[in-house]
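Novice: query31.txt is reproduced in full below (compact mmCIF, C-alpha atoms).
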```txt
# COMPACT_ATOMS: atom_id res chain seq x y z
CA ASP A 17 -33.74 -34.68 -46.29
CA THR A 18 -34.40 -35.74 -42.74
CA GLY A 19 -38.16 -35.98 -42.63
CA VAL A 20 -41.51 -36.04 -44.37
CA SER A 21 -42.43 -32.69 -45.86
CA GLN A 22 -45.85 -31.46 -46.86
CA ASP A 23 -46.87 -28.50 -48.95
CA PRO A 24 -48.66 -26.20 -48.41
CA ARG A 25 -48.83 -25.97 -44.63
CA HIS A 26 -52.09 -24.05 -44.78
CA LYS A 27 -54.75 -23.71 -47.46
CA ILE A 28 -57.92 -21.65 -47.39
CA THR A 29 -60.30 -22.26 -50.24
CA LYS A 30 -63.85 -21.45 -51.19
CA ARG A 31 -66.45 -24.18 -51.22
CA GLY A 32 -66.60 -25.84 -54.61
CA GLN A 33 -62.96 -25.22 -55.52
CA ASN A 34 -60.40 -27.95 -56.12
CA VAL A 35 -57.28 -28.24 -53.99
CA THR A 36 -54.14 -30.34 -54.26
CA PHE A 37 -51.65 -31.18 -51.53
CA ARG A 38 -48.19 -32.62 -51.90
CA CYS A 39 -46.21 -34.97 -49.71
CA ASP A 40 -42.52 -35.80 -50.04
CA PRO A 41 -41.70 -38.89 -47.99
CA ILE A 42 -38.35 -39.91 -46.59
CA SER A 43 -36.45 -40.98 -49.67
CA GLU A 44 -35.84 -44.65 -48.89
CA HIS A 45 -39.37 -45.29 -47.64
CA ASN A 46 -41.54 -47.30 -49.99
CA ARG A 47 -44.82 -46.91 -48.10
CA LEU A 48 -46.74 -43.65 -47.98
CA TYR A 49 -49.96 -42.97 -46.07
CA TRP A 50 -52.53 -40.19 -46.00
CA TYR A 51 -54.57 -39.49 -42.88
CA ARG A 52 -57.17 -36.87 -42.04
CA GLN A 53 -57.38 -35.29 -38.60
CA THR A 54 -60.27 -33.09 -37.51
CA LEU A 55 -59.95 -30.76 -34.56
CA GLY A 56 -59.66 -32.59 -31.25
CA GLN A 57 -59.73 -36.02 -32.87
CA GLY A 58 -57.22 -38.70 -33.73
CA PRO A 59 -56.07 -39.13 -37.32
CA GLU A 60 -58.18 -41.33 -39.59
CA PHE A 61 -56.65 -43.41 -42.35
CA LEU A 62 -57.48 -42.39 -45.91
CA THR A 63 -55.22 -44.33 -48.25
CA TYR A 64 -51.76 -45.82 -48.68
CA PHE A 65 -49.25 -46.61 -51.38
CA GLN A 66 -46.56 -49.21 -51.68
CA ASN A 67 -44.19 -47.62 -54.17
CA GLU A 68 -46.48 -46.31 -56.92
CA ALA A 69 -49.35 -48.74 -56.27
CA GLN A 70 -52.33 -47.53 -54.27
CA LEU A 71 -53.14 -50.61 -52.20
CA GLU A 72 -55.87 -49.52 -49.84
CA LYS A 73 -58.51 -46.82 -49.71
CA SER A 74 -60.74 -46.01 -46.76
CA ARG A 75 -64.48 -45.58 -47.14
CA LEU A 76 -63.79 -42.02 -45.95
CA LEU A 77 -62.21 -41.36 -49.33
CA SER A 78 -65.18 -40.26 -51.39
CA ASP A 79 -65.17 -39.97 -55.17
CA ARG A 80 -64.13 -36.34 -54.80
CA PHE A 81 -60.78 -37.43 -53.40
CA SER A 82 -57.97 -38.82 -55.49
CA ALA A 83 -54.39 -39.64 -54.58
CA GLU A 84 -51.43 -40.46 -56.73
CA ARG A 85 -47.83 -41.42 -56.25
CA PRO A 86 -46.17 -41.34 -59.65
CA LYS A 87 -42.85 -43.16 -59.80
CA GLY A 88 -43.18 -44.12 -56.17
CA SER A 89 -41.70 -40.89 -54.89
CA PHE A 90 -43.82 -37.88 -53.86
CA SER A 91 -47.58 -38.14 -53.56
CA THR A 92 -50.45 -35.76 -54.23
CA LEU A 93 -53.90 -35.70 -52.69
CA GLU A 94 -56.56 -33.82 -54.65
CA ILE A 95 -59.98 -32.86 -53.37
CA GLN A 96 -62.47 -31.77 -56.00
CA ARG A 97 -65.50 -29.58 -55.33
CA THR A 98 -64.50 -28.98 -51.73
CA GLU A 99 -67.14 -28.92 -49.01
CA GLN A 100 -67.02 -27.36 -45.57
CA GLY A 101 -66.83 -30.85 -44.07
CA ASP A 102 -63.48 -31.31 -45.80
CA SER A 103 -61.92 -28.78 -43.42
CA ALA A 104 -59.27 -30.73 -41.50
CA MET A 105 -55.57 -31.39 -41.14
CA TYR A 106 -54.30 -33.74 -43.82
CA LEU A 107 -51.32 -35.74 -42.61
CA CYS A 108 -48.85 -37.69 -44.68
CA ALA A 109 -46.65 -40.42 -43.25
CA SER A 110 -44.07 -42.78 -44.68
CA SER A 111 -42.41 -45.99 -43.58
CA ARG A 112 -39.93 -48.53 -44.88
CA GLY A 113 -42.67 -51.12 -45.15
CA THR A 114 -42.96 -54.76 -44.17
CA GLY A 115 -40.94 -55.64 -41.11
CA ASN A 116 -40.41 -52.04 -40.09
CA THR A 117 -43.41 -50.55 -38.41
CA GLU A 118 -42.41 -47.02 -37.53
CA ALA A 119 -44.30 -44.37 -39.46
CA PHE A 120 -42.80 -40.89 -39.77
CA PHE A 121 -45.28 -38.07 -40.08
CA GLY A 122 -45.14 -34.73 -41.81
CA GLN A 123 -46.42 -31.53 -40.21
CA GLY A 124 -49.62 -31.71 -42.18
CA THR A 125 -51.62 -29.42 -44.43
CA ARG A 126 -54.42 -27.58 -42.69
CA LEU A 127 -57.35 -27.07 -45.05
CA THR A 128 -60.07 -24.55 -44.32
CA VAL A 129 -63.07 -24.47 -46.64
CA VAL A 130 -65.09 -21.25 -46.39
CA ALA B 12 -62.50 -53.59 -37.71
CA GLN B 13 -60.30 -52.39 -34.92
CA THR B 14 -61.22 -49.66 -32.47
CA VAL B 15 -59.02 -47.73 -30.06
CA THR B 16 -60.44 -45.85 -27.09
CA GLN B 17 -58.74 -43.25 -24.94
CA SER B 18 -61.05 -42.39 -22.08
CA GLN B 19 -59.14 -39.37 -20.75
CA PRO B 20 -59.59 -36.32 -23.03
CA GLU B 21 -57.35 -34.17 -20.83
CA MET B 22 -54.87 -34.73 -18.04
CA SER B 23 -52.41 -32.61 -16.13
CA VAL B 24 -49.37 -33.43 -14.05
CA GLN B 25 -46.84 -31.47 -12.06
CA GLU B 26 -43.33 -31.31 -13.41
CA ALA B 27 -41.18 -34.22 -12.15
CA GLU B 28 -44.18 -36.33 -11.21
CA THR B 29 -45.54 -39.47 -12.87
CA VAL B 30 -48.67 -39.72 -15.01
CA THR B 31 -50.42 -42.66 -16.67
CA LEU B 32 -52.50 -42.37 -19.83
CA SER B 33 -55.06 -45.06 -20.55
CA CYS B 34 -55.87 -46.86 -23.79
CA THR B 35 -58.07 -49.82 -24.62
CA TYR B 36 -58.54 -51.46 -27.97
CA ASP B 37 -60.68 -54.08 -29.61
CA THR B 38 -59.48 -56.57 -32.18
CA SER B 39 -59.83 -60.19 -33.20
CA GLU B 40 -56.29 -60.27 -34.58
CA ASN B 41 -53.31 -61.90 -32.87
CA ASN B 42 -50.46 -60.38 -34.84
CA TYR B 43 -50.42 -56.66 -34.17
CA TYR B 44 -48.50 -53.72 -32.79
CA LEU B 45 -49.49 -50.96 -30.43
CA PHE B 46 -48.01 -47.48 -30.35
CA TRP B 47 -48.07 -44.25 -28.45
CA TYR B 48 -47.53 -41.15 -30.57
CA LYS B 49 -46.93 -37.64 -29.29
CA GLN B 50 -48.19 -34.58 -31.16
CA PRO B 51 -46.81 -31.32 -29.70
CA PRO B 52 -48.71 -28.12 -30.51
CA SER B 53 -48.22 -27.19 -34.18
CA ARG B 54 -45.59 -29.87 -34.69
CA GLN B 55 -45.56 -33.26 -36.31
CA MET B 56 -46.49 -36.49 -34.66
CA ILE B 57 -43.57 -38.54 -33.37
CA LEU B 58 -43.36 -42.08 -32.10
CA VAL B 59 -42.93 -42.40 -28.35
CA ILE B 60 -42.99 -46.14 -27.81
CA ARG B 61 -43.98 -49.36 -29.57
CA GLN B 62 -45.13 -52.78 -28.31
CA GLU B 63 -45.34 -56.02 -30.28
CA ALA B 64 -48.37 -58.05 -29.23
CA TYR B 65 -46.43 -61.31 -29.16
CA LYS B 66 -43.99 -59.94 -26.57
CA GLN B 67 -45.03 -60.28 -22.96
CA GLN B 68 -42.38 -57.90 -21.70
CA ASN B 69 -43.56 -54.32 -21.48
CA ALA B 70 -41.68 -51.85 -23.68
CA THR B 71 -39.61 -49.10 -22.08
CA GLU B 72 -37.98 -46.03 -23.62
CA ASN B 73 -36.17 -43.88 -21.06
CA ARG B 74 -38.90 -42.11 -19.02
CA PHE B 75 -41.70 -43.77 -21.00
CA SER B 76 -43.03 -47.25 -20.30
CA VAL B 77 -46.15 -49.18 -21.09
CA ASN B 78 -48.38 -51.59 -19.24
CA PHE B 79 -49.58 -54.02 -21.90
CA GLN B 80 -52.38 -56.33 -20.77
CA LYS B 81 -53.19 -58.43 -23.83
CA ALA B 82 -56.12 -60.36 -22.37
CA ALA B 83 -57.74 -57.16 -21.17
CA LYS B 84 -56.81 -55.35 -24.41
CA SER B 85 -55.32 -52.53 -22.43
CA PHE B 86 -52.22 -50.50 -23.27
CA SER B 87 -51.42 -47.65 -20.89
CA LEU B 88 -48.50 -45.23 -21.07
CA LYS B 89 -46.58 -44.16 -17.99
CA ILE B 90 -44.48 -41.02 -18.13
CA SER B 91 -42.04 -40.71 -15.25
CA ASP B 92 -40.30 -37.52 -14.14
CA SER B 93 -42.60 -35.44 -16.36
CA GLN B 94 -40.98 -32.52 -18.15
CA LEU B 95 -42.50 -29.34 -19.57
CA GLY B 96 -41.62 -30.61 -23.05
CA ASP B 97 -43.94 -33.57 -22.54
CA THR B 98 -46.91 -31.22 -22.95
CA ALA B 99 -48.70 -32.51 -26.05
CA MET B 100 -51.52 -34.59 -27.42
CA TYR B 101 -50.86 -38.29 -26.97
CA PHE B 102 -52.43 -40.81 -29.30
CA CYS B 103 -52.66 -44.53 -28.79
CA ALA B 104 -52.61 -46.44 -32.08
CA PHE B 105 -53.14 -50.01 -33.30
CA MET B 106 -51.60 -51.65 -36.32
CA ASP B 107 -52.64 -54.99 -37.79
CA ASN B 108 -49.41 -56.48 -39.07
CA ASN B 109 -51.27 -58.27 -41.86
CA ALA B 110 -53.07 -55.23 -43.22
CA GLY B 111 -50.59 -52.84 -44.78
CA ASN B 112 -49.32 -51.19 -41.60
CA MET B 113 -52.11 -48.65 -41.45
CA LEU B 114 -52.67 -47.14 -38.04
CA THR B 115 -55.97 -46.92 -36.19
CA PHE B 116 -55.80 -44.09 -33.67
CA GLY B 117 -57.66 -43.31 -30.50
CA GLY B 118 -59.18 -39.91 -29.91
CA GLY B 119 -56.17 -38.64 -27.99
CA THR B 120 -55.37 -37.34 -24.52
CA ARG B 121 -54.21 -33.77 -24.07
CA LEU B 122 -51.47 -33.74 -21.43
CA MET B 123 -50.43 -30.56 -19.70
CA VAL B 124 -47.28 -30.59 -17.59
CA LYS B 125 -47.36 -27.79 -15.04
CA PRO B 126 -44.26 -26.13 -13.62
```
So that I can check it, write out the structure of this file as structure tokens.

Specialist:
Amino acid sequence: DTGVSQDPRHKITKRGQNVTFRCDPISEHNRLYWYRQTLGQGPEFLTYFQNEAQLEKSRLLSDRFSAERPKGSFSTLEIQRTEQGDSAMYLCASSRGTGNTEAFFGQGTRLTVV
Amino acid sequence: AQTVTQSQPEMSVQEAETVTLSCTYDTSENNYYLFWYKQPPSRQMILVIRQEAYKQQNATENRFSVNFQKAAKSFSLKISDSQLGDTAMYFCAFMDNNAGNMLTFGGGTRLMVKP
């Protein structure tokens, strides 16, 4: 494993459906981040984990969003009752944590809500 | 809260020439890092260069260098000898070292290198 992987790469869903994305970080990285990127914009922070603990959540993360990182390995991001405004690229990144600042990004999951 | 502003939505440069991308930021913190990330079309974001705020010396990585002006809260990226593979979106990003290493990104600059 040489990088962060995300699955699926693309997801088209109907408004009101639930979707779940997966992120597999670099194996020795204990921090994992989720960002959302809309077309033509920079990524916006959603949430992050240190090991299995979710330590910070952005106000962008409404009650319809939930993220988990069981056992401090892979993470899932679920969006319930999707809305058209949820259409975006969802990026996952991981890093070693304190003292090492470089974040490695996955290729993202592009969500389209129709 | 921190903000990062990139005032150039798009730029172009001829191959082999030099281009400078601008970035300004706003923060009340003293212990932070600044980054430039590159996002090629349909590919993942990768780190180009990093600057620690406590270091006065500007960071350099091969053809990439920064001009870090802490008092002015300015952090520009210079790309020398531009190559076609430099074509990408470039994002300036801020990280508060005391706040979980989350990144605050600017809106990006789309750079086109022309042959």

Novice: Measuring atom to atom with all atoms listed in the file, identify which of B:Phe75, B:Tyr43, B:Phe86, B:Tyr65 is nearest to chain A.

Specialist: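 Among B:Phe75, B:Tyr43, B:Phe86, B:Tyr65, it is B:Tyr43 that comes nearest to chain A.
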
Novice: Between B:Thr71, B:Ser33, B:Asn112, B:Gln17, which is the closest to chain A once you count only C-alpha atoms?

Specialist: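 The shortest atom-to-atom distance to chain A comes from B:Asn112.
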
Novice: Have a look at B:Gly111, B:Pro126, B:Gly96, B:Gly118 and name the one nearest to chain A; count only C-alpha atoms.

Specialist: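 Of B:Gly111, B:Pro126, B:Gly96, B:Gly118, the one nearest chain A is B:Gly118, counting only C-alpha atoms.
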
Novice: Once you count all atoms listed in the file, which residues of chain A turn out to be within 8 Å of chain B? Could you give them as a tab-separated table (two decimals) with C-alpha atoms, in the frame of the given file?

Specialist:
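Contents of selection-v3.tsv, as written:
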```
chain	number	residue	atom	x	y	z
A	49	TYR	CA	-49.96	-42.97	-46.07
A	56	GLY	CA	-59.66	-32.59	-31.25
A	57	GLN	CA	-59.73	-36.02	-32.87
A	58	GLY	CA	-57.22	-38.70	-33.73
A	59	PRO	CA	-56.07	-39.13	-37.32
A	60	GLU	CA	-58.18	-41.33	-39.59
A	61	PHE	CA	-56.65	-43.41	-42.35
A	64	TYR	CA	-51.76	-45.82	-48.68
A	113	GLY	CA	-42.67	-51.12	-45.15
A	114	THR	CA	-42.96	-54.76	-44.17
A	117	THR	CA	-43.41	-50.55	-38.41
A	118	GLU	CA	-42.41	-47.02	-37.53
A	119	ALA	CA	-44.30	-44.37	-39.46
A	120	PHE	CA	-42.80	-40.89	-39.77
A	121	PHE	CA	-45.28	-38.07	-40.08
A	122	GLY	CA	-45.14	-34.73	-41.81
A	123	GLN	CA	-46.42	-31.53	-40.21
A	124	GLY	CA	-49.62	-31.71	-42.18
```

Novice: CA of Gln25 (chain B) to CA of Val124 (chain B): how many Å, to one decimal?

Specialist: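 Separating CA of Gln25 (chain B) from CA of Val124 (chain B) is a distance of 5.6 Å.
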
Novice: Can you tell me, as a short mmCIF file (atom, residue, chain, number, x, y, z; two decimals) with C-alpha atoms, in the frame of the given file, which residues sit within 10 Å of (-47.1, -39.0, -13.0) in the file's frame, using all atoms listed in the file?

Specialist:
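Contents of point_37.cif, freshly written:
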```cif
data_model
loop_
_atom_site.label_atom_id
_atom_site.label_comp_id
_atom_site.auth_asym_id
_atom_site.auth_seq_id
_atom_site.Cartn_x
_atom_site.Cartn_y
_atom_site.Cartn_z
CA SER B 23 -52.41 -32.61 -16.13
CA VAL B 24 -49.37 -33.43 -14.05
CA GLN B 25 -46.84 -31.47 -12.06
CA GLU B 26 -43.33 -31.31 -13.41
CA ALA B 27 -41.18 -34.22 -12.15
CA GLU B 28 -44.18 -36.33 -11.21
CA THR B 29 -45.54 -39.47 -12.87
CA VAL B 30 -48.67 -39.72 -15.01
CA THR B 31 -50.42 -42.66 -16.67
CA LEU B 32 -52.50 -42.37 -19.83
CA LYS B 89 -46.58 -44.16 -17.99
CA ILE B 90 -44.48 -41.02 -18.13
CA SER B 91 -42.04 -40.71 -15.25
CA ASP B 92 -40.30 -37.52 -14.14
CA SER B 93 -42.60 -35.44 -16.36
CA VAL B 124 -47.28 -30.59 -17.59
#
```

Novice: Tell me, as a ChimeraX atom specification, which residues lie within 8 Å of region 28-34 of chain A, counting all atoms listed in the file; anything in the same chain fewer than 6 positions away does not count.

Specialist: /A:94-100,127-130

Novice: Which one is closest to Ser43 (chain A): A:Val20, A:Ala109, A:Leu62, A:Ala83? Count all atoms listed in the file.

Specialist: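 Of all the options, A:Val20 lies closest to Ser43 (chain A).
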
Novice: Need the shell around Glu40 (chain B): protein/DNA/RNA residues with any atom at most 9 Å away, counting only C-alpha atoms. Skip same-chain ones fewer than 2 positions apart. Format as a list in words?

Specialist: Gln13, Thr38, Asn42, Tyr43 and Asp107 of chain B

Novice: From the list A:Gln70, A:Ser103, A:Gln53, A:Ser91, which residue is nearest Asp23 (chain A) when using all atoms listed in the file?

Specialist: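 Result for the nearest residue to Asp23 (chain A): A:Ser91.
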
Novice: Mind giving me the straight-line distance from CA of Thr125 (chain A) to CA of Ala104 (chain A) in Å, one decimal?

Specialist: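 Interatomic distance, CA of Thr125 (chain A) to CA of Ala104 (chain A): 8.3 Å.
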